[in-house]
Structure formats: structure tokens, C-alpha cells
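The structure under discussion appears below in the form of C-alpha cells.
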Amino acid sequence: VHLIPVNPIREDGLNPKSRKRIMPDLLTEPPAIDPVYEAHIYCNIPTIAERSMEGHAPHYFKLVSVQVLIRHGDRYPLYAIPKTKRPDIDCMLLPSRRPSHPQLEAFIKHMSKGSAAQMDGSLSSLPRYPSHSLCEMGELTQTGVVQHLRNGQLLREIYINKHKLLLSDWTAKQLYLETTGKSRTLQSALALLYTFLPDFDWKKINMRHQWSTIFCSGSCDCPMRNHYLEEEQRRQYSLRVKNNDLEKIYVDMAKIVGIPTRQLRASNPIDSLLCYFCHNVSFPCTKTGCISMEHFKVIKRHQLEDERERQEKKLYFLYALLATHPLLNQTVNRLQRIAEGKKEEVFVLYSAHDVTLSPVLSALGITEARFPRFAARLVFELWQDGKRPKEHFIRILYNGADVTFQTSFCKDYYKRFSKPMCPLEKFVNFVRRDMFLVFNSTSYYDACRRRLL
């Protein structure tokens, strides 16, 4: 029996306010897919303090660099279900409204002074925090701001207070900040930054604009990447066509709304329905009927099945290797410079999208990871061995969980050595050489142009 909780769910899936307990049989497998449980995790509603593994290392190790890749926080939908009322969500920031954060009011005041910051290109014309009484399409919500205020606070406690990664007299050169040109990614970056470095000096902020959602910068020309993405999209379409339950649900929903089924499908209803679900707003109704939790469950279950098949079929993996190489190569270059003694860009923040994080996780071989939730964070930590100062190691963490030894390049190392981290050179070799082996190539340029038989 699945009991659908009405209160926010914690990260571990338990309802903090419920006193009823169903004792699970520890020997039974968890249900294959519980779409409601997975949707709650995706929403990432700020409830209890999060436990995280960031910053954990033997006492003789020194933390020398942290690079963080985030997905923006909770946002208003990018699509609308035709002929329905848009979800009524307020994007004004009100510290008295839940979810809130002790520093939300100070954040709003600080953002109003941000004209001294250096913002690349079109970033300077974007608002620094959301401020519409009815959210606009794709706009960050108060929940999204609070999610990243919490991320920044958590990272500050570990990296600044405990490990002294940046001292109080930090300089602009010690930060590297980059975001796509959407207000939701810029605002997410600023929210995290505000609690990470409270009341920071705006003159030290230089926010770079990245036009590509895969952060490929000047290395975006890759014909085979596009080929594998098209193949992956064909696989997605094929799976959807085979799902009779999904088709029935679309037909039923289209009748309720009064539009052709094809038009409903094109409006990507899961994006809109997740917003209703995450904000505990009733699904839309018309004179003909209401979209229900059953409709939502079938569509969400298909989405989860699609993610599972995506892992098995490997087309997305081939796309991911080529899509993420420029970003991972930039990361490796920076980590190597820091390992050689450079003191610049020791804290890096990339503010991005699910379509940025998802291929990075796939390329690294972290197949167990869930699809990036709102305000997901992927962290690369660089550590120096105090006993052998020339030796450097990395740890990779996803939403606070250590996934270093789930990566394809460090699985075997873990089996043979007891060090709780991965040697930096393993990561370097993977990005410079091993990423291309599956393409029978030795370079990114070659792999981008070599068609697999």
C-alpha cells in the first residue's frame, strides 16, 4: 500500500510530521518505481538540515580547490498546458512566507546594490532576484532562491569555516563564476554566493556569460555529438510510442482540456504538472473534468522508465562524452594549475541546467545517480596529501553523497588501494585520453568526426 503524504518529504523519504510508522521488511526489495516518491525528491522542498559528505578527508590532507556545478533552483514551468489556468505562484520574495531562510531579507537588500559587479554581455540586464507577483515562464521561485541560500550556507560551513579555502581578504582572482544567460541561473548563482560569502564586495564579482547549456565555450563544433543526440531522441520517441498506458492518459487529458492529443503532448505537460505538484497546488480542472494524480503518476513513471532505458542503450552516454569534454577539460586544466601551486580560481561556480548536469554524470560513469533535482550540486574537491605534498587527489560529490568511486575511472582504484580519494592523474587521463577510447579515437576533434560502425 502506498500512502501519499501531504506534508513535505525529507531527503530520506520519511515524513517528519507523521507519527504513523509502517515497519518495512528489510529483506524485501523496494518497489521498482514509485513516481510520487521520486517526484518529491525532484522537488527538493527545503525542510530539514541536510547531511552531506563534502569536506571529509584524513586530517593530514589539505583542501586546495573546490569546483561546483549547480542546477538552478525551483522554477515556474517553461510550458503551459493549453486552455488551463496557469498555476498561481507568487515570485515576489517574502521572508515571512514559507519556505524561507534567515538570510533571505539580507539577500534581497544586498542584491539591490549589485550594480558594481562585472557582468558579461547580457547578464547585466537581467534581474538579480525574482520579483513578479505572478511568476513568469521559467522564473526562479522563492523556493528556488531558498534552495541555493541553503546550498551556499552548507558549503560555507564546510569550505570556509572549517577548511579556510578562502580567507576574509579573498580576491576576485580566487573566484571563477560562470552562468548561462537565463535569469534563473544567474539568480541561483547569486543566492548560493551570498550565503557562501555573506555581504561580499560586489567589485570582486566577475560573472561570465556562457551561451551554451553544455558549457562547450569555443569547442562546440562536434558533428557526432549532434548525431548521437538525434539517435537518443529517436530512442525516446520509440519508447513513448510503445507505452499504451501513457497514450491512454494523453488521450484522456486531451479530452479534459479540449485539444488534440498531439497538441497536449507537444506542450510537455509533465513540466507544468511538476510545478503544481512541487507547490502543492491542485492540478487544473475544466468543465469536462480534472487532471488527476493518476494522470501525473503515469507520465512521471514513464519519465523514470525512460531514464532507466537511457542508461542501458548507451546512445546518451556517447552523446554525453562528447558534450561534456570541453567543460571537463577546462576543469582538469584548472585543477592541474592549482596542483602546481597557482593560487587563482580556487573556488569555481558554474550555474547551469539539468541538461548540463545530466550528461556530466553520465560521462563520468555515475550511472546510479538520479536525474538532477532542482538545486542539484555536483562538487569536485582537490586535496593535497600533507605527507607527500606533490600528490593530489580528487573527491566527487553529488548532492552531498560521495560518488568518487562510482566513476568509471576510479572504480578499480578503490578495489586495490585504501585511500579515500582518487588520484588526480586518474581524472586527468580519463579526460585527456580515455574518454575517446569508445570512439576508437585519441582526441576530441577526431572523436567528433569519427562515425562508429
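Chain labels run A, B, ... following the order of the C-alpha cells; each chain numbers its residues from 1, and ligands are numbered from 1 in the order shown.
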Write out as a count of residues only each polymer residue whose atoms come within 9 Å of Tyr129 of chain A, counting only C-alpha atoms; drop sequence neighbours fewer than 6 positions from it. 14
Which residues, written as a PyMOL selection string, have at least one atom at most 9 Å from Leu246 of chain A, with only C-alpha atoms counted and residues fewer than 4 positions away on the same chain left out? chain A and resi 240-242+250-251+295+298-299+302
Need the shell around Leu264 of chain A: protein/DNA/RNA residues with any atom at most 9 Å away, counting only C-alpha atoms. Skip same-chain ones fewer than 6 positions apart. Format as a PyMOL selection string? chain A and resi 81-82+250-251+253-254+257
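Residues surrounding segment 401-407 of chain A within 8 Å are Ser52, Met53, Glu54, Leu364, Gly365, Ile366, Thr367, Ile394, Arg395, Ile396, Leu397, Lys411, Tyr414, Met421 and Cys422 of chain A [only C-alpha atoms; sequence separation below 4 positions excluded].
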Using only C-alpha atoms, which residue out of A:Tyr37, A:Tyr60, A:Phe371, A:Phe283 lies closest to Gln311 of chain A? A:Phe371
I need the residues of segment 158-392 of chain A that end up classed as strand (DSSP E) by DSSP on the backbone, written out as a ChimeraX atom specification. /A:175-180,206-210,285-286,289-290,347-352,377-385,392
Using only N, CA, C and O atoms, please write the residues we just selected to a file, as a compact mmCIF listing (two decimals), in the first residue's frame.
```txt
# COMPACT_ATOMS: atom_id res chain seq x y z
N LEU A 175 38.12 33.55 -7.39
CA LEU A 175 36.80 33.03 -7.79
C LEU A 175 36.73 32.92 -9.31
O LEU A 175 37.29 33.75 -10.02
N TYR A 176 36.02 31.90 -9.77
CA TYR A 176 35.64 31.84 -11.19
C TYR A 176 34.15 31.55 -11.22
O TYR A 176 33.69 30.52 -10.71
N LEU A 177 33.37 32.47 -11.80
CA LEU A 177 31.91 32.36 -11.80
C LEU A 177 31.40 32.40 -13.23
O LEU A 177 31.78 33.28 -14.00
N GLU A 178 30.55 31.45 -13.57
CA GLU A 178 30.03 31.39 -14.95
C GLU A 178 28.59 30.90 -14.93
O GLU A 178 28.25 29.96 -14.20
N THR A 179 27.74 31.52 -15.73
CA THR A 179 26.33 31.15 -15.77
C THR A 179 25.81 31.25 -17.19
O THR A 179 26.35 32.00 -18.01
N THR A 180 24.74 30.51 -17.47
CA THR A 180 24.06 30.72 -18.76
C THR A 180 23.27 32.02 -18.67
O THR A 180 23.13 32.60 -17.59
N ASN A 206 32.91 38.91 -10.76
CA ASN A 206 33.00 38.96 -12.23
C ASN A 206 32.27 37.73 -12.76
O ASN A 206 32.79 36.62 -12.73
N MET A 207 31.03 37.95 -13.19
CA MET A 207 30.18 36.83 -13.64
C MET A 207 30.30 36.68 -15.16
O MET A 207 29.94 37.59 -15.91
N ARG A 208 30.82 35.54 -15.59
CA ARG A 208 30.99 35.29 -17.03
C ARG A 208 29.72 34.67 -17.61
O ARG A 208 29.07 33.86 -16.96
N HIS A 209 29.46 35.03 -18.86
CA HIS A 209 28.26 34.52 -19.54
C HIS A 209 28.64 33.34 -20.44
O HIS A 209 29.55 33.44 -21.25
N GLN A 210 27.94 32.21 -20.28
CA GLN A 210 28.15 31.03 -21.14
C GLN A 210 26.91 30.86 -22.01
O GLN A 210 25.81 30.64 -21.50
N CYS A 285 -8.41 22.01 -13.59
CA CYS A 285 -9.72 21.45 -13.95
C CYS A 285 -10.35 22.27 -15.07
O CYS A 285 -10.04 23.45 -15.24
N THR A 286 -11.25 21.62 -15.82
CA THR A 286 -12.09 22.32 -16.80
C THR A 286 -13.53 21.87 -16.55
O THR A 286 -13.78 21.05 -15.66
N GLY A 289 -13.73 18.04 -16.63
CA GLY A 289 -13.13 17.18 -15.59
C GLY A 289 -11.82 17.78 -15.09
O GLY A 289 -11.49 18.93 -15.41
N CYS A 290 -11.10 16.98 -14.32
CA CYS A 290 -9.84 17.45 -13.71
C CYS A 290 -8.68 16.52 -14.08
O CYS A 290 -8.86 15.30 -14.16
N PHE A 347 37.98 28.67 -6.02
CA PHE A 347 36.56 28.34 -5.90
C PHE A 347 35.87 28.68 -7.21
O PHE A 347 35.93 29.81 -7.69
N VAL A 348 35.24 27.65 -7.79
CA VAL A 348 34.61 27.80 -9.11
C VAL A 348 33.13 27.47 -8.97
O VAL A 348 32.76 26.50 -8.31
N LEU A 349 32.29 28.29 -9.60
CA LEU A 349 30.85 28.02 -9.61
C LEU A 349 30.32 28.15 -11.03
O LEU A 349 30.42 29.20 -11.65
N TYR A 350 29.80 27.03 -11.54
CA TYR A 350 29.09 27.04 -12.81
C TYR A 350 27.60 26.91 -12.49
O TYR A 350 27.19 25.94 -11.85
N SER A 351 26.80 27.86 -12.94
CA SER A 351 25.36 27.79 -12.69
C SER A 351 24.66 27.40 -13.98
O SER A 351 24.74 28.12 -14.98
N ALA A 352 23.97 26.26 -13.95
CA ALA A 352 23.56 25.63 -15.20
C ALA A 352 22.17 24.99 -15.08
O ALA A 352 21.36 25.38 -14.25
N ARG A 377 23.62 19.80 -6.91
CA ARG A 377 25.01 20.29 -6.94
C ARG A 377 25.96 19.11 -7.15
O ARG A 377 25.83 18.07 -6.53
N LEU A 378 26.92 19.33 -8.02
CA LEU A 378 28.00 18.37 -8.27
C LEU A 378 29.30 19.07 -7.92
O LEU A 378 29.58 20.15 -8.45
N VAL A 379 30.06 18.48 -7.01
CA VAL A 379 31.25 19.16 -6.47
C VAL A 379 32.50 18.35 -6.76
O VAL A 379 32.52 17.13 -6.54
N PHE A 380 33.54 19.02 -7.24
CA PHE A 380 34.87 18.43 -7.42
C PHE A 380 35.79 19.07 -6.37
O PHE A 380 36.01 20.28 -6.41
N GLU A 381 36.31 18.26 -5.46
CA GLU A 381 37.25 18.76 -4.45
C GLU A 381 38.66 18.31 -4.81
O GLU A 381 38.87 17.15 -5.17
N LEU A 382 39.63 19.21 -4.70
CA LEU A 382 41.04 18.87 -4.93
C LEU A 382 41.78 18.94 -3.59
O LEU A 382 41.72 19.95 -2.89
N TRP A 383 42.46 17.84 -3.25
CA TRP A 383 43.16 17.72 -1.96
C TRP A 383 44.64 17.47 -2.17
O TRP A 383 45.03 16.76 -3.09
N GLN A 384 45.44 18.04 -1.28
CA GLN A 384 46.89 17.81 -1.29
C GLN A 384 47.24 16.90 -0.11
O GLN A 384 46.76 17.12 1.00
N ASP A 385 48.04 15.88 -0.39
CA ASP A 385 48.47 14.96 0.67
C ASP A 385 49.56 15.65 1.50
O ASP A 385 50.64 15.96 0.99
N HIS A 392 48.30 14.79 -5.35
CA HIS A 392 46.98 15.43 -5.26
C HIS A 392 45.87 14.42 -5.60
O HIS A 392 46.07 13.55 -6.47
```
Nearest to Ser267 of chain A: which of A:Arg373, A:Arg310, A:Lys83, A:Lys255 is it, counting only C-alpha atoms?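 Using only C-alpha atoms, the shortest distance to Ser267 of chain A belongs to A:Lys83.
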Distance of atom CA of Cys448 of chain A from atom CA of Leu322 of chain A, expressed in Å to one decimal place: 7.0 Å
Between A:Asn280, A:Thr356, A:Gln118, A:Gln336, which has the minimum distance to Thr185 of chain A (counting only C-alpha atoms)?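 Result for the nearest residue to Thr185 of chain A: A:Thr356.
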